[in-house]
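Everything on this sheet refers to the single structure shown next.
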Amino acid sequence: MFTSWGAETVHKYTREEIADILGKLDQGGYGEVLRAKGIVAAADGSWMEFDHVPEESEIRPGSPDYTGRLCVIGAKLKEDALKELFHV
């Protein structure tokens, strides 16, 4: 059975920080992550969108939004660990 975890965030990320977070999802400790996606504010004032499936990530420029949004889909997700990983 799949579940999802979602959060809104005002945290500003660098591209490298998002890449590092997505890489850590593949290393374990967060449940069985099947997909992650989101739109977040970048440290330089722009916005980034990301999509992640195991072993494959894409980070691209995004359209401005009122706040960042995150979504992780999988099984046995560890919500507290995900909150800490994404700084929410």
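Residues are referred to by chain and number: the chain letter is A, B, ... according to the order shown in the structure tokens, the number counts from 1 in that chain, and ligands are numbered separately from 1 in the order shown.
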- prompt: What's the 7 Å shell around A:Leu82, counting only C-alpha atoms, without same-chain residues fewer than 4 positions away, as a PyMOL selection string?
  reply: chain A and resi 30+78+86
For all heavy atoms, I'd like the residues from the last selection saved as a PDB file, in the first residue's frame.
```pdb
ATOM      1  N   TYR A  30      14.361   6.670   4.711  1.00  0.00           N
ATOM      2  CA  TYR A  30      13.179   7.520   4.564  1.00  0.00           C
ATOM      3  C   TYR A  30      11.946   6.717   4.155  1.00  0.00           C
ATOM      4  O   TYR A  30      10.912   7.291   3.858  1.00  0.00           O
ATOM      5  CB  TYR A  30      13.448   8.617   3.525  1.00  0.00           C
ATOM      6  CG  TYR A  30      14.658   9.432   3.908  1.00  0.00           C
ATOM      7  CD1 TYR A  30      15.902   9.163   3.360  1.00  0.00           C
ATOM      8  CD2 TYR A  30      14.559  10.420   4.882  1.00  0.00           C
ATOM      9  CE1 TYR A  30      17.018   9.882   3.745  1.00  0.00           C
ATOM     10  CE2 TYR A  30      15.672  11.143   5.282  1.00  0.00           C
ATOM     11  CZ  TYR A  30      16.902  10.858   4.707  1.00  0.00           C
ATOM     12  OH  TYR A  30      17.999  11.574   5.112  1.00  0.00           O
ATOM     13  N   LYS A  78       8.910   7.530   6.337  1.00  0.00           N
ATOM     14  CA  LYS A  78       9.294   8.013   7.663  1.00  0.00           C
ATOM     15  C   LYS A  78       9.171   9.535   7.655  1.00  0.00           C
ATOM     16  O   LYS A  78      10.104  10.254   7.288  1.00  0.00           O
ATOM     17  CB  LYS A  78      10.702   7.545   7.995  1.00  0.00           C
ATOM     18  CG  LYS A  78      10.774   6.027   8.053  1.00  0.00           C
ATOM     19  CD  LYS A  78      12.147   5.542   8.375  1.00  0.00           C
ATOM     20  CE  LYS A  78      12.133   4.014   8.411  1.00  0.00           C
ATOM     21  NZ  LYS A  78      13.466   3.480   8.663  1.00  0.00           N
ATOM     22  N   PHE A  86      14.169  17.756   4.389  1.00  0.00           N
ATOM     23  CA  PHE A  86      13.740  18.900   3.590  1.00  0.00           C
ATOM     24  C   PHE A  86      13.699  20.224   4.382  1.00  0.00           C
ATOM     25  O   PHE A  86      13.305  21.242   3.863  1.00  0.00           O
ATOM     26  CB  PHE A  86      12.347  18.647   2.977  1.00  0.00           C
ATOM     27  CG  PHE A  86      12.386  17.761   1.764  1.00  0.00           C
ATOM     28  CD1 PHE A  86      12.098  16.413   1.854  1.00  0.00           C
ATOM     29  CD2 PHE A  86      12.687  18.293   0.511  1.00  0.00           C
ATOM     30  CE1 PHE A  86      12.114  15.591   0.731  1.00  0.00           C
ATOM     31  CE2 PHE A  86      12.715  17.494  -0.619  1.00  0.00           C
ATOM     32  CZ  PHE A  86      12.428  16.136  -0.500  1.00  0.00           C
TER      33      PHE A  86
END
```
- prompt: Could you pull out the strand (DSSP E or B) residues of chain A from DSSP and send them as JSON, numbers by chain?
  reply: {"A": [3, 4, 5, 6, 7, 8, 9, 12, 13, 32, 33, 34, 35, 36, 37, 38, 39, 40, 41, 42, 47, 48, 49, 50, 51, 52, 53, 56, 57, 58, 59, 60, 61, 68, 69, 70, 71, 72, 73, 74, 75]}
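When only C-alpha atoms are used to compute distances to A:Ala75, the closest of the residues A:Asp26, A:Ile18, A:Val33, A:Val10 turns out to be A:Val33.
Closest to A:Lys83 among A:Gly23, A:Ser46, A:Glu32, A:Leu70 is A:Leu70, based on only C-alpha atoms.
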field: Selection: 9 Å around A:Val72, only C-alpha atoms, excl. self and same-chain fewer than 5 positions, as number ranges by chain
entry: A: 3-6, 33-38, 77, 82
- request: Would you please extract all alpha helix (DSSP H) residues from stretch 9-66 of chain A, as assigned by DSSP on the backbone, and give them as a PyMOL selection string?
  value: chain A and resi 15-26
File of the preceding selection, N, CA and C atoms, as a PDB file, in the first residue's frame:
```
ATOM      1  N   ARG A  15      20.389  24.749  -5.809  1.00  0.00           N
ATOM      2  CA  ARG A  15      20.266  23.590  -6.698  1.00  0.00           C
ATOM      3  C   ARG A  15      21.051  22.403  -6.127  1.00  0.00           C
ATOM      4  N   GLU A  16      22.227  22.681  -5.586  1.00  0.00           N
ATOM      5  CA  GLU A  16      23.063  21.629  -5.009  1.00  0.00           C
ATOM      6  C   GLU A  16      22.390  20.988  -3.799  1.00  0.00           C
ATOM      7  N   GLU A  17      21.715  21.799  -2.997  1.00  0.00           N
ATOM      8  CA  GLU A  17      21.023  21.274  -1.815  1.00  0.00           C
ATOM      9  C   GLU A  17      19.882  20.339  -2.229  1.00  0.00           C
ATOM     10  N   ILE A  18      19.108  20.724  -3.247  1.00  0.00           N
ATOM     11  CA  ILE A  18      18.029  19.856  -3.729  1.00  0.00           C
ATOM     12  C   ILE A  18      18.615  18.571  -4.307  1.00  0.00           C
ATOM     13  N   ALA A  19      19.687  18.667  -5.092  1.00  0.00           N
ATOM     14  CA  ALA A  19      20.325  17.474  -5.659  1.00  0.00           C
ATOM     15  C   ALA A  19      20.800  16.535  -4.551  1.00  0.00           C
ATOM     16  N   ASP A  20      21.375  17.093  -3.491  1.00  0.00           N
ATOM     17  CA  ASP A  20      21.838  16.290  -2.364  1.00  0.00           C
ATOM     18  C   ASP A  20      20.667  15.605  -1.653  1.00  0.00           C
ATOM     19  N   ILE A  21      19.584  16.335  -1.433  1.00  0.00           N
ATOM     20  CA  ILE A  21      18.392  15.770  -0.786  1.00  0.00           C
ATOM     21  C   ILE A  21      17.839  14.614  -1.613  1.00  0.00           C
ATOM     22  N   LEU A  22      17.716  14.818  -2.927  1.00  0.00           N
ATOM     23  CA  LEU A  22      17.160  13.767  -3.780  1.00  0.00           C
ATOM     24  C   LEU A  22      18.070  12.552  -3.802  1.00  0.00           C
ATOM     25  N   GLY A  23      19.371  12.761  -3.782  1.00  0.00           N
ATOM     26  CA  GLY A  23      20.307  11.634  -3.718  1.00  0.00           C
ATOM     27  C   GLY A  23      20.165  10.848  -2.426  1.00  0.00           C
ATOM     28  N   LYS A  24      19.915  11.549  -1.330  1.00  0.00           N
ATOM     29  CA  LYS A  24      19.761  10.872  -0.038  1.00  0.00           C
ATOM     30  C   LYS A  24      18.500  10.013   0.010  1.00  0.00           C
ATOM     31  N   LEU A  25      17.469  10.374  -0.769  1.00  0.00           N
ATOM     32  CA  LEU A  25      16.251   9.561  -0.794  1.00  0.00           C
ATOM     33  C   LEU A  25      16.547   8.149  -1.283  1.00  0.00           C
ATOM     34  N   ASP A  26      17.555   8.003  -2.164  1.00  0.00           N
ATOM     35  CA  ASP A  26      17.935   6.688  -2.688  1.00  0.00           C
ATOM     36  C   ASP A  26      18.799   5.889  -1.723  1.00  0.00           C
TER      37      ASP A  26
END
```
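Distance annotation: of A:Gly68, A:Gly28, A:Gly62, A:Gly74, the residue with the minimal separation from A:Val88 is A:Gly68; atom set is only C-alpha atoms.
With distances taken over only C-alpha atoms, A:Pro54 is the one residue among A:Lys12, A:Pro54, A:Met48, A:Ala43 lying closest to A:Gln27.
You will find atom CA of A:Glu55 at 20.2 Å from atom CA of A:Thr14.
With only C-alpha atoms as the atoms that count, the minimum distance from A:Ala7 to the choices A:Arg69, A:Asp80, A:Gly29, A:Val53 is reached by A:Arg69.
Shortest separation to A:Thr9 among A:Asp44, A:Asp51, A:Asp65, A:Glu58 occurs at residue A:Asp65, atoms counted being only C-alpha atoms.
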task: Enter the distance from atom CA of A:Pro64 to atom CA of A:Ala81, in Å, rounded to one decimal.
output: 27.2 Å
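The space between atom CA of A:Ala42 and atom CA of A:Tyr66 spans 12.8 Å.
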